[in-house]
Amino acid sequence: MTTAKTRFTPRKSIIGMVHVGALPGTPQNSTSVEIIAAQACEDAKVLAEAGFDAIIIENLHDRPYVAGPKLGPEIVASMTRIGLEVGAVTDLPIGVQILSCGNKHALAVAQAIGAQFVRVENYVFAHVADEGLLTEAEAGELLRYRRAIGAEDVMIFADLKKKHASHAITGDLDIGQTAVAAAFFRAEGVIVTGESTGEPTHPEDVAYVRDKFPHDRPVFVGSGVTPDKVPVLLEHADGLIVGSYLKENKDWSRPNDPRRAEEIMNAARDFRGF
């Protein structure tokens, strides 16, 4: 079993998504955690073999999502098992995201499996999302929880103006001001996205956030990454999170495609020279 992970240091890094299958108790679940974990391991191996710098395990297929406190313990248990099995087949750094707004849940899983970061929704300001009203910014309670469980070595990367959400109630705050707030509330990194999964992230948004967010902390792109956009986005981003492009025809139900993973990494290597 792999125990020593490469330390994740964002430096024009490419992070690949492992979209785990629908977990027990969710509407689309049709198989055991054992099989779901095996499929996740295969997706992780594709990313490792292509040369990705890190991976994120995420319960994308649990939709329609429930938020935060409504997430059951079976989700944490399943993601922990999956994370441990993924960690046994690759020494890549691992991140965890649990939808929707399962930020404490993800932090607990990350600590249990030795993951190095979590991706967090609703870190600063409230949102109106497709799963409902997310009324509480997470930063204050989440950092206190991280301290309480001794997980302070797990980095928090916070989404800004979360995708799949309306931001009318914070319409007087632009994405740069949101980045400043995330920095003030001690996020170790921030993520800029398009309006929904797979939708392009505007390079000008990335540049603006990079200007506003402390330069010793990373800015990531979190949606719509394709090989032709890699060099444009990496001009200002410290890393790119790739998910939809890895699937044939952007069909999220399909496994990660080795050819598409290689296309992303070839574009990254051309840009960064390694």
# chains A, B, ... in the order shown; residues from 1 in each chain; ligands from 1
>>> residues_around(residues="Gly68 in chain A", least_positions_apart="6", cutoff="9 Å", atoms="only C-alpha atoms", output="PyMOL selection string")
chain A and resi 99-105
>>> select_by_dssp(residues="range 134-178 of chain A", states="helix (DSSP H, G or I)", output="PDB file with C-alpha atoms, in the first residue's frame")
ATOM      1  CA  ALA A 139     -15.206  29.703   6.871  1.00  0.00           C
ATOM      2  CA  GLY A 140     -15.661  30.411  10.562  1.00  0.00           C
ATOM      3  CA  GLU A 141     -17.041  27.037  11.607  1.00  0.00           C
ATOM      4  CA  LEU A 142     -14.854  25.101   9.174  1.00  0.00           C
ATOM      5  CA  LEU A 143     -11.567  26.519  10.436  1.00  0.00           C
ATOM      6  CA  ARG A 144     -12.635  25.907  14.017  1.00  0.00           C
ATOM      7  CA  TYR A 145     -13.534  22.324  13.105  1.00  0.00           C
ATOM      8  CA  ARG A 146     -10.186  21.863  11.371  1.00  0.00           C
ATOM      9  CA  ARG A 147      -8.435  23.023  14.529  1.00  0.00           C
ATOM     10  CA  ALA A 148     -10.607  20.820  16.748  1.00  0.00           C
ATOM     11  CA  ILE A 149      -9.824  17.592  14.849  1.00  0.00           C
ATOM     12  CA  ALA A 168     -27.852  38.230  -7.116  1.00  0.00           C
ATOM     13  CA  ILE A 169     -27.761  38.708  -3.351  1.00  0.00           C
ATOM     14  CA  THR A 170     -24.034  39.461  -3.573  1.00  0.00           C
ATOM     15  CA  ILE A 175     -15.154  38.270  -7.900  1.00  0.00           C
ATOM     16  CA  GLY A 176     -12.052  40.211  -6.875  1.00  0.00           C
ATOM     17  CA  GLN A 177     -13.732  41.435  -3.690  1.00  0.00           C
ATOM     18  CA  THR A 178     -14.848  37.883  -3.003  1.00  0.00           C
TER      19      THR A 178
END
>>> residues_around(residues="Thr197 in chain A", least_positions_apart="5", cutoff="12 Å", atoms="only C-alpha atoms", output="list in words")
Met17, Leu60, Lys162, Lys163, His164, Ala165, Val192, Val221, Gly222, Ser223, Gly224, Val225, Ile241, Val242, Gly243, Ser244, Tyr245, Lys250, Asp251 and Trp252 of chain A
>>> residues_around(residues="Val209 in chain A", least_positions_apart="5", cutoff="12 Å", atoms="only C-alpha atoms", output="mmCIF file with C-alpha atoms, in the first residue's frame")
data_model
loop_
_atom_site.group_PDB
_atom_site.id
_atom_site.type_symbol
_atom_site.label_atom_id
_atom_site.label_comp_id
_atom_site.auth_asym_id
_atom_site.auth_seq_id
_atom_site.Cartn_x
_atom_site.Cartn_y
_atom_site.Cartn_z
ATOM 1 C CA ASP A 159 -14.591 28.304 -4.733
ATOM 2 C CA LEU A 160 -15.408 31.935 -5.491
ATOM 3 C CA LYS A 161 -18.969 32.663 -6.613
ATOM 4 C CA ASP A 174 -17.311 41.375 -7.778
ATOM 5 C CA ILE A 175 -15.154 38.270 -7.900
ATOM 6 C CA GLY A 176 -12.052 40.211 -6.875
ATOM 7 C CA GLN A 177 -13.732 41.435 -3.690
ATOM 8 C CA THR A 178 -14.848 37.883 -3.003
ATOM 9 C CA ALA A 179 -11.229 36.743 -3.361
ATOM 10 C CA VAL A 180 -10.116 39.412 -0.893
ATOM 11 C CA ALA A 181 -12.714 38.139 1.594
ATOM 12 C CA ALA A 182 -11.540 34.543 1.143
ATOM 13 C CA ALA A 183 -7.969 35.626 1.800
ATOM 14 C CA GLY A 189 -6.162 28.905 -2.210
ATOM 15 C CA VAL A 190 -9.137 29.940 -4.336
ATOM 16 C CA ILE A 191 -10.888 28.494 -7.376
ATOM 17 C CA VAL A 192 -12.374 30.458 -10.280
ATOM 18 C CA THR A 193 -14.987 28.743 -12.472
ATOM 19 C CA HIS A 202 -13.079 33.539 -18.297
ATOM 20 C CA PRO A 203 -9.329 34.256 -18.413
ATOM 21 C CA GLU A 204 -9.974 37.870 -17.387
ATOM 22 C CA PRO A 214 -2.160 37.115 -2.063
ATOM 23 C CA HIS A 215 0.566 36.037 -4.444
ATOM 24 C CA ARG A 217 -1.289 31.532 -2.241
ATOM 25 C CA PRO A 218 -2.540 29.715 -5.370
ATOM 26 C CA VAL A 219 -5.373 30.586 -7.727
ATOM 27 C CA PHE A 220 -6.918 27.651 -9.587
ATOM 28 C CA VAL A 221 -9.270 27.321 -12.559
ATOM 29 C CA HIS A 236 -2.397 33.689 -14.589
ATOM 30 C CA ALA A 237 -3.535 30.523 -12.803
ATOM 31 C CA ASP A 238 -1.304 28.440 -10.564
#
>>> closest_residue(among="A:Lys229, A:Asp91, A:Asp153, A:Asn122", to="Glu199 in chain A", atoms="only C-alpha atoms")
A:Lys229
>>> atom_distance(atom1="CA of Leu134 in chain A", atom2="CA of Arg81 in chain A")
28.0 Å
